[in-house]
$ cat run20.txt   # compact mmCIF, C-alpha atoms
# COMPACT_ATOMS: atom_id res chain seq x y z
CA MET A 1 -47.22 -64.45 -140.51
CA ALA A 2 -46.05 -61.57 -142.68
CA HIS A 3 -45.13 -58.38 -140.85
CA ASP A 4 -45.62 -55.22 -142.90
CA PHE A 5 -43.55 -52.31 -141.65
CA THR A 6 -43.56 -49.45 -144.14
CA ILE A 7 -42.29 -45.87 -144.16
CA THR A 8 -43.72 -43.24 -146.51
CA PHE A 9 -42.29 -39.72 -146.59
CA ARG A 10 -45.09 -37.15 -146.77
CA GLY A 11 -43.14 -33.95 -146.12
CA VAL A 12 -39.36 -33.58 -146.01
CA ARG A 13 -38.70 -29.84 -145.66
CA GLY A 14 -37.70 -27.88 -142.61
CA SER A 15 -38.69 -24.38 -141.51
CA ILE A 16 -41.33 -23.56 -144.14
CA PRO A 17 -43.13 -25.26 -147.05
CA VAL A 18 -41.57 -24.40 -150.41
CA PRO A 19 -43.84 -25.29 -153.37
CA GLY A 20 -42.62 -24.38 -156.82
CA PRO A 21 -40.90 -25.60 -159.99
CA SER A 22 -37.47 -25.94 -158.35
CA THR A 23 -38.72 -28.34 -155.65
CA VAL A 24 -40.96 -30.65 -157.68
CA LYS A 25 -38.75 -33.74 -157.40
CA ILE A 26 -37.96 -33.57 -153.68
CA GLY A 27 -41.21 -31.91 -152.67
CA GLY A 28 -42.01 -28.75 -150.77
CA ASN A 29 -44.14 -29.88 -147.81
CA SER A 30 -42.87 -29.61 -144.25
CA SER A 31 -42.06 -32.47 -141.91
CA CYS A 32 -44.22 -35.59 -141.82
CA VAL A 33 -43.33 -39.29 -142.08
CA GLN A 34 -46.01 -41.99 -142.19
CA VAL A 35 -45.33 -45.45 -140.76
CA ASN A 36 -47.73 -48.36 -141.25
CA ALA A 37 -47.55 -51.49 -139.12
CA LEU A 38 -50.23 -53.99 -138.07
CA ASP A 39 -53.50 -52.02 -138.32
CA HIS A 40 -51.91 -48.77 -137.16
CA THR A 41 -51.12 -45.61 -139.08
CA ILE A 42 -48.45 -43.61 -137.29
CA PHE A 43 -47.33 -40.12 -138.20
CA LEU A 44 -44.00 -38.73 -137.12
CA ASP A 45 -44.67 -34.99 -136.97
CA ALA A 46 -47.55 -33.10 -138.52
CA GLY A 47 -46.19 -30.50 -140.91
CA THR A 48 -48.02 -29.77 -144.15
CA GLY A 49 -47.14 -33.24 -145.44
CA ILE A 50 -49.83 -34.70 -143.18
CA ILE A 51 -52.61 -32.88 -145.05
CA GLU A 52 -52.66 -35.02 -148.20
CA ALA A 53 -52.05 -38.15 -146.11
CA GLY A 54 -55.16 -37.31 -144.07
CA LYS A 55 -57.27 -36.96 -147.21
CA GLN A 56 -56.12 -40.40 -148.34
CA LEU A 57 -56.90 -41.94 -144.95
CA VAL A 58 -60.45 -40.60 -145.04
CA LYS A 59 -60.95 -41.70 -148.65
CA ASN A 60 -59.69 -45.22 -147.91
CA PHE A 61 -61.89 -45.45 -144.84
CA PHE A 62 -65.11 -44.62 -146.64
CA MET A 63 -64.23 -46.86 -149.58
CA ASN A 64 -63.42 -49.85 -147.33
CA LYS A 65 -65.71 -49.47 -144.33
CA GLU A 66 -66.06 -53.19 -143.73
CA LYS A 67 -62.32 -53.78 -143.85
CA LEU A 68 -61.39 -50.76 -141.74
CA LYS A 69 -63.58 -51.00 -138.65
CA LYS A 70 -62.32 -47.71 -137.29
CA LEU A 71 -60.54 -44.67 -138.61
CA LYS A 72 -57.59 -44.13 -136.28
CA ALA A 73 -54.14 -42.62 -136.30
CA THR A 74 -51.31 -42.03 -133.86
CA ILE A 75 -49.38 -38.76 -134.22
CA LEU A 76 -45.97 -38.41 -132.58
CA ILE A 77 -44.71 -34.83 -132.37
CA SER A 78 -40.95 -34.33 -132.07
CA HIS A 79 -41.30 -30.70 -130.94
CA THR A 80 -43.77 -27.90 -131.39
CA HIS A 81 -42.03 -25.55 -133.81
CA HIS A 82 -44.54 -24.52 -136.41
CA ASP A 83 -43.17 -26.55 -139.32
CA HIS A 84 -43.88 -29.73 -137.33
CA ILE A 85 -47.48 -28.99 -136.32
CA MET A 86 -48.87 -26.60 -138.97
CA GLY A 87 -50.67 -29.39 -140.83
CA LEU A 88 -52.79 -30.56 -137.88
CA PRO A 89 -55.67 -28.07 -138.32
CA PHE A 90 -56.00 -29.30 -141.92
CA PHE A 91 -55.72 -33.04 -141.13
CA ALA A 92 -59.08 -34.36 -142.37
CA PRO A 93 -59.58 -37.13 -139.73
CA VAL A 94 -59.69 -34.43 -137.01
CA TYR A 95 -63.14 -33.54 -138.33
CA ILE A 96 -64.55 -37.07 -138.74
CA ALA A 97 -66.99 -38.19 -136.06
CA ASP A 98 -65.80 -41.32 -134.25
CA ALA A 99 -62.31 -41.10 -135.75
CA SER A 100 -59.82 -41.84 -132.99
CA LEU A 101 -56.60 -39.84 -132.80
CA SER A 102 -53.81 -40.40 -130.29
CA ILE A 103 -51.47 -37.41 -130.22
CA TYR A 104 -48.25 -37.45 -128.18
CA GLY A 105 -45.50 -34.90 -127.81
CA PRO A 106 -43.22 -33.05 -125.40
CA SER A 107 -43.89 -30.75 -122.49
CA VAL A 108 -43.45 -27.11 -123.51
CA TYR A 109 -42.68 -23.69 -122.14
CA ALA A 110 -45.94 -21.97 -121.24
CA PRO A 111 -46.93 -18.70 -119.58
CA VAL A 112 -47.26 -18.70 -115.80
CA GLY A 113 -50.56 -20.27 -114.85
CA GLN A 114 -50.91 -22.22 -118.10
CA PRO A 115 -50.32 -25.99 -118.44
CA ASN A 116 -47.09 -27.01 -120.15
CA ASP A 117 -48.58 -29.98 -121.98
CA MET A 118 -49.49 -30.92 -125.55
CA LYS A 119 -53.15 -30.06 -124.98
CA TYR A 120 -52.13 -26.43 -124.39
CA VAL A 121 -50.18 -26.42 -127.68
CA LEU A 122 -53.10 -27.80 -129.69
CA ASP A 123 -55.54 -25.37 -128.10
CA MET A 124 -53.21 -22.50 -129.00
CA LEU A 125 -52.64 -23.81 -132.54
CA MET A 126 -56.37 -23.65 -133.20
CA ASP A 127 -57.11 -20.65 -131.00
CA GLN A 128 -59.60 -18.13 -132.41
CA LEU A 129 -56.74 -15.69 -133.01
CA PHE A 130 -55.19 -18.06 -135.55
CA PHE A 131 -57.90 -20.43 -136.76
CA PRO A 132 -61.70 -20.34 -137.11
CA ILE A 133 -62.38 -23.70 -135.42
CA ASP A 134 -61.34 -24.60 -131.87
CA PHE A 135 -59.53 -27.88 -131.31
CA GLU A 136 -62.22 -29.05 -128.88
CA GLU A 137 -64.99 -28.29 -131.39
CA THR A 138 -63.75 -30.86 -133.89
CA ASN A 139 -65.70 -34.13 -134.13
CA SER A 140 -62.96 -36.71 -133.66
CA ILE A 141 -62.17 -38.56 -130.45
CA LYS A 142 -58.80 -37.23 -129.31
CA HIS A 143 -56.39 -38.70 -126.78
CA VAL A 144 -53.62 -36.18 -126.11
CA GLY A 145 -50.58 -37.14 -124.06
CA THR A 146 -47.41 -35.39 -122.93
CA LEU A 147 -44.38 -37.66 -122.88
CA LYS A 148 -42.09 -37.88 -119.89
CA SER A 149 -38.58 -39.28 -119.79
CA LEU A 150 -38.45 -42.98 -120.75
CA ASP A 151 -42.20 -43.23 -121.48
CA GLN A 152 -43.06 -45.81 -124.14
CA ILE A 153 -46.08 -46.17 -126.40
CA ILE A 154 -47.42 -49.63 -127.19
CA LEU A 155 -49.52 -50.28 -130.30
CA ALA A 156 -51.24 -53.64 -130.66
CA THR A 157 -53.69 -54.92 -133.27
CA GLY A 158 -57.23 -53.72 -132.68
CA GLU A 159 -56.25 -51.50 -129.75
CA GLU A 160 -55.70 -47.81 -129.15
CA ALA A 161 -52.23 -46.49 -128.47
CA GLU A 162 -51.22 -47.20 -124.87
CA ARG A 163 -48.68 -45.08 -123.02
CA ILE A 164 -46.43 -46.87 -120.53
CA SER A 165 -44.62 -44.82 -117.88
CA GLY A 166 -41.02 -45.87 -118.23
CA PRO A 167 -39.65 -48.84 -120.20
CA ASN A 168 -41.62 -52.07 -119.82
CA SER A 169 -39.74 -55.30 -120.53
CA THR A 170 -42.92 -57.41 -120.67
CA HIS A 171 -43.66 -56.21 -124.20
CA THR A 172 -41.95 -57.56 -127.29
CA SER A 173 -42.15 -56.17 -130.81
CA LYS A 174 -43.21 -59.47 -132.40
CA ASP A 175 -46.92 -58.68 -132.42
CA LYS A 176 -46.82 -55.03 -131.36
CA VAL A 177 -45.20 -51.75 -132.29
CA ILE A 178 -43.10 -50.41 -129.43
CA VAL A 179 -42.24 -46.71 -129.49
CA SER A 180 -39.36 -45.52 -127.32
CA GLN A 181 -38.15 -41.92 -127.08
CA TYR A 182 -35.85 -39.45 -125.43
CA ARG A 183 -35.57 -35.67 -125.42
CA ALA A 184 -32.48 -34.44 -127.28
CA LEU A 185 -31.60 -30.99 -126.00
CA ASN A 186 -29.44 -29.84 -128.91
CA HIS A 187 -32.24 -27.93 -130.65
CA PRO A 188 -33.32 -24.48 -129.37
CA LYS A 189 -35.12 -23.82 -127.16
CA ASN A 190 -36.89 -26.88 -125.82
CA GLY A 191 -35.12 -29.75 -127.53
CA SER A 192 -36.65 -32.35 -129.85
CA ILE A 193 -37.87 -35.88 -129.15
CA VAL A 194 -36.02 -38.69 -130.93
CA TYR A 195 -38.33 -41.65 -131.60
CA LYS A 196 -37.54 -45.33 -132.09
CA LEU A 197 -40.21 -47.65 -133.52
CA GLU A 198 -39.69 -51.41 -133.20
CA HIS A 199 -41.80 -54.10 -134.79
CA ALA A 200 -41.14 -57.75 -135.64
CA GLY A 201 -37.41 -57.41 -135.01
CA LYS A 202 -37.06 -54.30 -137.22
CA THR A 203 -36.25 -50.77 -136.08
CA ILE A 204 -36.81 -47.21 -137.35
CA VAL A 205 -35.17 -44.22 -135.65
CA TYR A 206 -36.46 -40.71 -136.33
CA ALA A 207 -34.02 -37.98 -135.34
CA THR A 208 -35.04 -34.63 -136.75
CA ASP A 209 -34.12 -31.13 -135.58
CA ILE A 210 -30.99 -32.16 -133.75
CA GLU A 211 -27.55 -30.63 -134.06
CA SER A 212 -25.02 -33.41 -133.95
CA TYR A 213 -21.34 -33.13 -133.11
CA ALA A 214 -18.11 -33.48 -135.06
CA GLU A 215 -17.35 -36.73 -133.26
CA GLY A 216 -20.93 -37.97 -133.39
CA ASP A 217 -23.85 -37.72 -130.99
CA ARG A 218 -23.02 -40.47 -128.49
CA ARG A 219 -26.49 -40.76 -127.01
CA LEU A 220 -28.08 -41.01 -130.44
CA VAL A 221 -25.46 -43.53 -131.54
CA GLN A 222 -26.42 -45.81 -128.66
CA PHE A 223 -30.15 -45.26 -129.18
CA ALA A 224 -29.94 -46.06 -132.91
CA LYS A 225 -27.56 -49.02 -132.59
CA GLY A 226 -28.23 -51.52 -135.39
CA ALA A 227 -31.36 -49.75 -136.65
CA ASP A 228 -32.71 -50.79 -140.04
CA VAL A 229 -33.47 -47.19 -140.99
CA LEU A 230 -32.13 -43.99 -139.44
CA ILE A 231 -33.95 -40.81 -140.50
CA HIS A 232 -31.56 -38.01 -139.56
CA ASP A 233 -31.69 -34.23 -139.81
CA ALA A 234 -29.30 -32.97 -142.52
CA GLN A 235 -30.59 -29.48 -143.17
CA TYR A 236 -27.35 -27.60 -143.72
CA THR A 237 -24.31 -28.10 -145.89
CA MET A 238 -20.92 -27.94 -144.19
CA GLU A 239 -20.35 -24.64 -146.00
CA GLN A 240 -23.46 -23.19 -144.36
CA TYR A 241 -22.49 -24.61 -140.99
CA THR A 242 -18.92 -23.30 -140.94
CA GLY A 243 -19.14 -20.29 -143.28
CA PRO A 244 -19.22 -16.58 -142.46
CA MET A 245 -23.01 -16.66 -141.94
CA THR A 246 -22.69 -19.78 -139.81
CA THR A 247 -25.74 -21.82 -138.90
CA GLN A 248 -23.94 -23.39 -135.96
CA GLY A 249 -26.22 -23.35 -132.93
CA PHE A 250 -29.40 -23.31 -135.01
CA GLY A 251 -30.18 -26.88 -133.96
CA HIS A 252 -29.68 -28.72 -137.25
CA SER A 253 -27.09 -31.11 -138.66
CA THR A 254 -25.12 -31.59 -141.85
CA PRO A 255 -24.98 -34.74 -143.99
CA GLU A 256 -21.49 -35.38 -142.61
CA MET A 257 -22.85 -35.43 -139.07
CA ALA A 258 -25.68 -37.75 -140.07
CA CYS A 259 -23.22 -40.11 -141.78
CA ARG A 260 -21.03 -40.18 -138.69
CA VAL A 261 -23.95 -41.28 -136.52
CA ALA A 262 -24.96 -43.90 -139.11
CA GLN A 263 -21.43 -45.31 -139.19
CA GLU A 264 -20.98 -45.35 -135.43
CA ALA A 265 -24.43 -46.88 -134.83
CA GLY A 266 -24.02 -49.50 -137.56
CA VAL A 267 -27.42 -48.77 -139.12
CA LYS A 268 -28.45 -50.43 -142.36
CA GLN A 269 -29.83 -47.37 -144.17
CA LEU A 270 -29.54 -43.61 -143.65
CA VAL A 271 -32.17 -41.15 -144.85
CA LEU A 272 -31.21 -37.47 -145.01
CA TYR A 273 -34.17 -35.39 -143.84
CA HIS A 274 -35.49 -31.92 -142.98
CA HIS A 275 -34.03 -30.24 -146.05
CA ASP A 276 -33.23 -26.54 -146.08
CA PRO A 277 -36.07 -24.62 -147.80
CA ASN A 278 -33.39 -22.69 -149.72
CA HIS A 279 -32.08 -25.88 -151.35
CA ASP A 280 -33.61 -26.78 -154.70
CA ASP A 281 -33.77 -30.29 -156.16
CA ALA A 282 -30.28 -30.06 -157.65
CA ALA A 283 -28.73 -28.95 -154.35
CA ILE A 284 -30.29 -31.86 -152.47
CA GLU A 285 -29.16 -34.35 -155.11
CA LYS A 286 -25.63 -32.97 -154.70
CA LYS A 287 -25.94 -33.36 -150.92
CA GLU A 288 -26.99 -36.98 -151.40
CA GLU A 289 -24.05 -37.71 -153.73
CA GLY A 290 -21.58 -36.37 -151.19
CA ALA A 291 -23.12 -38.36 -148.34
CA LYS A 292 -22.98 -41.62 -150.29
CA LYS A 293 -19.18 -41.31 -150.36
CA LEU A 294 -19.20 -41.40 -146.55
CA PHE A 295 -22.05 -43.90 -146.02
CA ALA A 296 -22.96 -45.86 -149.13
CA ASN A 297 -26.55 -46.76 -148.26
CA THR A 298 -27.78 -43.18 -148.02
CA VAL A 299 -30.79 -41.59 -149.69
CA ALA A 300 -32.10 -38.04 -149.50
CA ALA A 301 -35.74 -38.11 -148.44
CA TYR A 302 -38.29 -37.00 -151.00
CA GLU A 303 -42.07 -36.89 -150.97
CA GLY A 304 -43.49 -40.28 -151.87
CA LEU A 305 -40.33 -42.22 -151.00
CA THR A 306 -41.50 -45.54 -149.55
CA ILE A 307 -39.26 -47.97 -147.68
CA ASN A 308 -40.44 -51.48 -146.84
CA ILE A 309 -38.45 -52.82 -143.93
$ encode --input "run20.txt" --output "structure tokens"
Amino acid sequence: MAHDFTITFRGVRGSIPVPGPSTVKIGGNSSCVQVNALDHTIFLDAGTGIIEAGKQLVKNFFMNKEKLKKLKATILISHTHHDHIMGLPFFAPVYIADASLSIYGPSVYAPVGQPNDMKYVLDMLMDQLFFPIDFEETNSIKHVGTLKSLDQIILATGEEAERISGPNSTHTSKDKVIVSQYRALNHPKNGSIVYKLEHAGKTIVYATDIESYAEGDRRLVQFAKGADVLIHDAQYTMEQYTGPMTTQGFGHSTPEMACRVAQEAGVKQLVLYHHDPNHDDAAIEKKEEGAKKLFANTVAAYEGLTINI
């Protein structure tokens, strides 16, 4: 049996979208990575890159109704800074009756008396102060979950996403997608979830919005050990990180930090991600060239980049 496990980069920018002639090659949409495995479509973050992906999902569904019995998607939010959720109100499947969406993310800081869960975030995102349609008014069937330490998500053919409290050794990735995660705290102010997706003996690790260390992030190194693909934050150059207007403490890494983790973890491929909105195509190509000298199998993420694992 063939096991398709495919990554497509839909949005690769951090902080804000940056459309324009100087970002045409790399792309200007904010964070979103699509993963396809079995009959599941999984999105890592929901920046503006998810908008076009949602249009394609809806188009494919209505063109292939017999083949696709149900329009469904699983959305995994690393953290709730705006560049990682701003595309959700414009994600077309949210408005499709009977579409099934499973949305998972971290607990959050909330005002006293308010819940600190993902449902609160989504309600606020589409509150009447900011958006004309309430989250609850949309037609789709929505399953919203807040991840706790060591929770896993299990995706099997023909089934909805299932959250498991704590690691469960009874599941194998041969005929399922197993999502593991942990909260990395080196991103202000609430950290960022690092996700690992395993299927058919292959592994993807998604580590955005983390600030690594000169000697490597030991926890991430262990988590990503032997991964086929490591998608790692590399927003800033070393000059930005150490210069007079230092970005140290902003919660983002450099390509050198990403390469160190890739080396220590023994991953097969490194993808530099979450590019600085101030970096044009030429600057990101230069960043990629420098990283290749440290870790040969490195590529800078760009919109439309597809990796078959």
$ closest_residue --input "run20.txt" --among "A:Pro277, A:Pro115, A:Gly251, A:Gly87" --to "A:Asp45" --atoms "only C-alpha atoms"
A:Gly87
$ atom_distance --input "run20.txt" --atom1 "atom CA of A:Ala224" --atom2 "atom CA of A:Ile164"
20.6 Å
$ residues_near_point --input "run20.txt" --point "(-35.6, -36.7, -123.8)" --cutoff "10 Å" --atoms "all atoms listed in the file" --output "short mmCIF file (atom, residue, chain, number, x, y, z; two decimals) with C-alpha atoms, in the coordinates of the input"
data_model
loop_
_atom_site.label_atom_id
_atom_site.label_comp_id
_atom_site.auth_asym_id
_atom_site.auth_seq_id
_atom_site.Cartn_x
_atom_site.Cartn_y
_atom_site.Cartn_z
CA PRO A 106 -43.22 -33.05 -125.40
CA LEU A 147 -44.38 -37.66 -122.88
CA LYS A 148 -42.09 -37.88 -119.89
CA SER A 149 -38.58 -39.28 -119.79
CA LEU A 150 -38.45 -42.98 -120.75
CA ASP A 151 -42.20 -43.23 -121.48
CA GLN A 181 -38.15 -41.92 -127.08
CA TYR A 182 -35.85 -39.45 -125.43
CA ARG A 183 -35.57 -35.67 -125.42
CA ALA A 184 -32.48 -34.44 -127.28
CA LEU A 185 -31.60 -30.99 -126.00
CA GLY A 191 -35.12 -29.75 -127.53
CA SER A 192 -36.65 -32.35 -129.85
CA ILE A 193 -37.87 -35.88 -129.15
CA VAL A 194 -36.02 -38.69 -130.93
CA TYR A 195 -38.33 -41.65 -131.60
#
$ residues_near_point --input "run20.txt" --point "(-25.3, -47.3, -144.7)" --cutoff "9 Å" --atoms "all atoms listed in the file" --output "MDAnalysis selection string"
chainID A and resid 229 259 262:263 266:270 292 294:298
$ atom_distance --input "run20.txt" --atom1 "atom CA of A:Ile154" --atom2 "atom CA of A:His199"
10.5 Å
$ closest_residue --input "run20.txt" --among "A:Lys72, A:Lys287, A:Arg13, A:Arg219" --to "A:Asn60" --atoms "only C-alpha atoms"
A:Lys72
$ closest_residue --input "run20.txt" --among "A:Val108, A:Ile307, A:Val144, A:Val271" --to "A:Asn190" --atoms "all atoms listed in the file"
A:Val108
$ decode --input "run20.txt" --residues "stretch 60-170 of chain A" --atoms "C-alpha atoms" --output "PDB file, in the first residue's frame"
ATOM      1  CA  ASN A  60     -12.151  20.139  -5.156  1.00  0.00           C
ATOM      2  CA  PHE A  61     -15.000  19.010  -2.929  1.00  0.00           C
ATOM      3  CA  PHE A  62     -17.750  20.207  -5.223  1.00  0.00           C
ATOM      4  CA  MET A  63     -15.970  18.882  -8.318  1.00  0.00           C
ATOM      5  CA  ASN A  64     -15.438  15.421  -6.781  1.00  0.00           C
ATOM      6  CA  LYS A  65     -18.405  14.892  -4.479  1.00  0.00           C
ATOM      7  CA  GLU A  66     -18.520  11.138  -4.973  1.00  0.00           C
ATOM      8  CA  LYS A  67     -14.826  10.720  -4.262  1.00  0.00           C
ATOM      9  CA  LEU A  68     -14.738  13.071  -1.281  1.00  0.00           C
ATOM     10  CA  LYS A  69     -17.566  11.925   0.963  1.00  0.00           C
ATOM     11  CA  LYS A  70     -17.008  14.753   3.404  1.00  0.00           C
ATOM     12  CA  LEU A  71     -15.268  18.094   3.423  1.00  0.00           C
ATOM     13  CA  LYS A  72     -13.036  18.055   6.491  1.00  0.00           C
ATOM     14  CA  ALA A  73      -9.851  19.624   7.750  1.00  0.00           C
ATOM     15  CA  THR A  74      -7.758  19.604  10.908  1.00  0.00           C
ATOM     16  CA  ILE A  75      -6.132  22.898  11.916  1.00  0.00           C
ATOM     17  CA  LEU A  76      -3.270  22.890  14.419  1.00  0.00           C
ATOM     18  CA  ILE A  77      -2.457  26.309  15.857  1.00  0.00           C
ATOM     19  CA  SER A  78       1.051  26.827  17.236  1.00  0.00           C
ATOM     20  CA  HIS A  79       0.081  29.989  19.134  1.00  0.00           C
ATOM     21  CA  THR A  80      -2.473  32.730  18.803  1.00  0.00           C
ATOM     22  CA  HIS A  81      -0.440  35.706  17.606  1.00  0.00           C
ATOM     23  CA  HIS A  82      -2.344  37.337  14.801  1.00  0.00           C
ATOM     24  CA  ASP A  83      -0.117  36.223  11.923  1.00  0.00           C
ATOM     25  CA  HIS A  84      -0.965  32.601  12.770  1.00  0.00           C
ATOM     26  CA  ILE A  85      -4.759  32.925  12.966  1.00  0.00           C
ATOM     27  CA  MET A  86      -5.703  35.904  10.759  1.00  0.00           C
ATOM     28  CA  GLY A  87      -6.718  33.686   7.838  1.00  0.00           C
ATOM     29  CA  LEU A  88      -9.356  31.689   9.735  1.00  0.00           C
ATOM     30  CA  PRO A  89     -12.273  34.118   9.225  1.00  0.00           C
ATOM     31  CA  PHE A  90     -11.611  33.908   5.472  1.00  0.00           C
ATOM     32  CA  PHE A  91     -11.155  30.101   5.319  1.00  0.00           C
ATOM     33  CA  ALA A  92     -13.970  29.071   2.956  1.00  0.00           C
ATOM     34  CA  PRO A  93     -14.814  25.675   4.568  1.00  0.00           C
ATOM     35  CA  VAL A  94     -15.847  27.520   7.763  1.00  0.00           C
ATOM     36  CA  TYR A  95     -18.952  28.638   5.873  1.00  0.00           C
ATOM     37  CA  ILE A  96     -19.862  25.311   4.221  1.00  0.00           C
ATOM     38  CA  ALA A  97     -22.754  23.429   5.794  1.00  0.00           C
ATOM     39  CA  ASP A  98     -21.730  19.960   6.981  1.00  0.00           C
ATOM     40  CA  ALA A  99     -18.015  20.681   6.544  1.00  0.00           C
ATOM     41  CA  SER A 100     -16.210  19.294   9.565  1.00  0.00           C
ATOM     42  CA  LEU A 101     -13.340  21.254  11.093  1.00  0.00           C
ATOM     43  CA  SER A 102     -11.194  20.117  14.009  1.00  0.00           C
ATOM     44  CA  ILE A 103      -9.248  23.039  15.452  1.00  0.00           C
ATOM     45  CA  TYR A 104      -6.632  22.539  18.169  1.00  0.00           C
ATOM     46  CA  GLY A 105      -4.315  24.970  19.883  1.00  0.00           C
ATOM     47  CA  PRO A 106      -2.876  26.159  23.191  1.00  0.00           C
ATOM     48  CA  SER A 107      -4.454  27.547  26.319  1.00  0.00           C
ATOM     49  CA  VAL A 108      -4.142  31.334  26.420  1.00  0.00           C
ATOM     50  CA  TYR A 109      -4.063  34.277  28.780  1.00  0.00           C
ATOM     51  CA  ALA A 110      -7.603  35.586  29.214  1.00  0.00           C
ATOM     52  CA  PRO A 111      -9.284  38.242  31.348  1.00  0.00           C
ATOM     53  CA  VAL A 112     -10.509  37.192  34.778  1.00  0.00           C
ATOM     54  CA  GLY A 113     -13.766  35.321  34.413  1.00  0.00           C
ATOM     55  CA  GLN A 114     -13.129  34.327  30.789  1.00  0.00           C
ATOM     56  CA  PRO A 115     -12.108  30.821  29.659  1.00  0.00           C
ATOM     57  CA  ASN A 116      -8.476  30.404  28.635  1.00  0.00           C
ATOM     58  CA  ASP A 117      -9.174  28.011  25.777  1.00  0.00           C
ATOM     59  CA  MET A 118      -9.100  28.055  21.976  1.00  0.00           C
ATOM     60  CA  LYS A 119     -12.859  28.617  21.784  1.00  0.00           C
ATOM     61  CA  TYR A 120     -12.379  31.968  23.534  1.00  0.00           C
ATOM     62  CA  VAL A 121      -9.706  32.943  20.980  1.00  0.00           C
ATOM     63  CA  LEU A 122     -11.904  32.083  17.999  1.00  0.00           C
ATOM     64  CA  ASP A 123     -14.882  33.906  19.471  1.00  0.00           C
ATOM     65  CA  MET A 124     -12.694  36.985  19.977  1.00  0.00           C
ATOM     66  CA  LEU A 125     -11.167  36.711  16.491  1.00  0.00           C
ATOM     67  CA  MET A 126     -14.625  36.941  14.948  1.00  0.00           C
ATOM     68  CA  ASP A 127     -16.163  39.194  17.580  1.00  0.00           C
ATOM     69  CA  GLN A 128     -18.474  41.926  16.270  1.00  0.00           C
ATOM     70  CA  LEU A 129     -15.813  44.525  17.082  1.00  0.00           C
ATOM     71  CA  PHE A 130     -13.472  42.991  14.511  1.00  0.00           C
ATOM     72  CA  PHE A 131     -15.563  40.960  12.071  1.00  0.00           C
ATOM     73  CA  PRO A 132     -19.152  41.032  10.782  1.00  0.00           C
ATOM     74  CA  ILE A 133     -19.892  37.319  11.320  1.00  0.00           C
ATOM     75  CA  ASP A 134     -19.648  35.511  14.664  1.00  0.00           C
ATOM     76  CA  PHE A 135     -17.712  32.262  14.799  1.00  0.00           C
ATOM     77  CA  GLU A 136     -20.782  30.388  16.069  1.00  0.00           C
ATOM     78  CA  GLU A 137     -22.925  31.718  13.208  1.00  0.00           C
ATOM     79  CA  THR A 138     -20.874  29.970  10.539  1.00  0.00           C
ATOM     80  CA  ASN A 139     -22.370  26.843   8.973  1.00  0.00           C
ATOM     81  CA  SER A 140     -19.581  24.315   9.455  1.00  0.00           C
ATOM     82  CA  ILE A 141     -19.417  21.673  12.167  1.00  0.00           C
ATOM     83  CA  LYS A 142     -16.563  22.742  14.440  1.00  0.00           C
ATOM     84  CA  HIS A 143     -14.700  20.707  17.047  1.00  0.00           C
ATOM     85  CA  VAL A 144     -12.442  23.033  19.036  1.00  0.00           C
ATOM     86  CA  GLY A 145      -9.907  21.638  21.486  1.00  0.00           C
ATOM     87  CA  THR A 146      -7.285  23.102  23.806  1.00  0.00           C
ATOM     88  CA  LEU A 147      -4.151  20.994  24.051  1.00  0.00           C
ATOM     89  CA  LYS A 148      -2.633  20.035  27.370  1.00  0.00           C
ATOM     90  CA  SER A 149       0.870  18.768  28.007  1.00  0.00           C
ATOM     91  CA  LEU A 150       1.590  15.473  26.196  1.00  0.00           C
ATOM     92  CA  ASP A 151      -1.828  15.327  24.483  1.00  0.00           C
ATOM     93  CA  GLN A 152      -1.766  13.546  21.120  1.00  0.00           C
ATOM     94  CA  ILE A 153      -4.102  13.735  18.138  1.00  0.00           C
ATOM     95  CA  ILE A 154      -4.859  10.582  16.162  1.00  0.00           C
ATOM     96  CA  LEU A 155      -6.077  10.745  12.556  1.00  0.00           C
ATOM     97  CA  ALA A 156      -7.323   7.563  10.911  1.00  0.00           C
ATOM     98  CA  THR A 157      -8.924   6.978   7.519  1.00  0.00           C
ATOM     99  CA  GLY A 158     -12.606   7.861   7.466  1.00  0.00           C
ATOM    100  CA  GLU A 159     -12.590   9.222  11.021  1.00  0.00           C
ATOM    101  CA  GLU A 160     -12.564  12.621  12.665  1.00  0.00           C
ATOM    102  CA  ALA A 161      -9.507  13.812  14.544  1.00  0.00           C
ATOM    103  CA  GLU A 162      -9.334  12.172  17.968  1.00  0.00           C
ATOM    104  CA  ARG A 163      -7.536  13.769  20.897  1.00  0.00           C
ATOM    105  CA  ILE A 164      -5.784  11.442  23.339  1.00  0.00           C
ATOM    106  CA  SER A 165      -4.882  12.740  26.798  1.00  0.00           C
ATOM    107  CA  GLY A 166      -1.213  11.929  27.136  1.00  0.00           C
ATOM    108  CA  PRO A 167       0.874   9.652  24.886  1.00  0.00           C
ATOM    109  CA  ASN A 168      -0.799   6.386  23.895  1.00  0.00           C
ATOM    110  CA  SER A 169       1.511   3.536  22.888  1.00  0.00           C
ATOM    111  CA  THR A 170      -1.316   1.447  21.397  1.00  0.00           C
TER     112      THR A 170
END
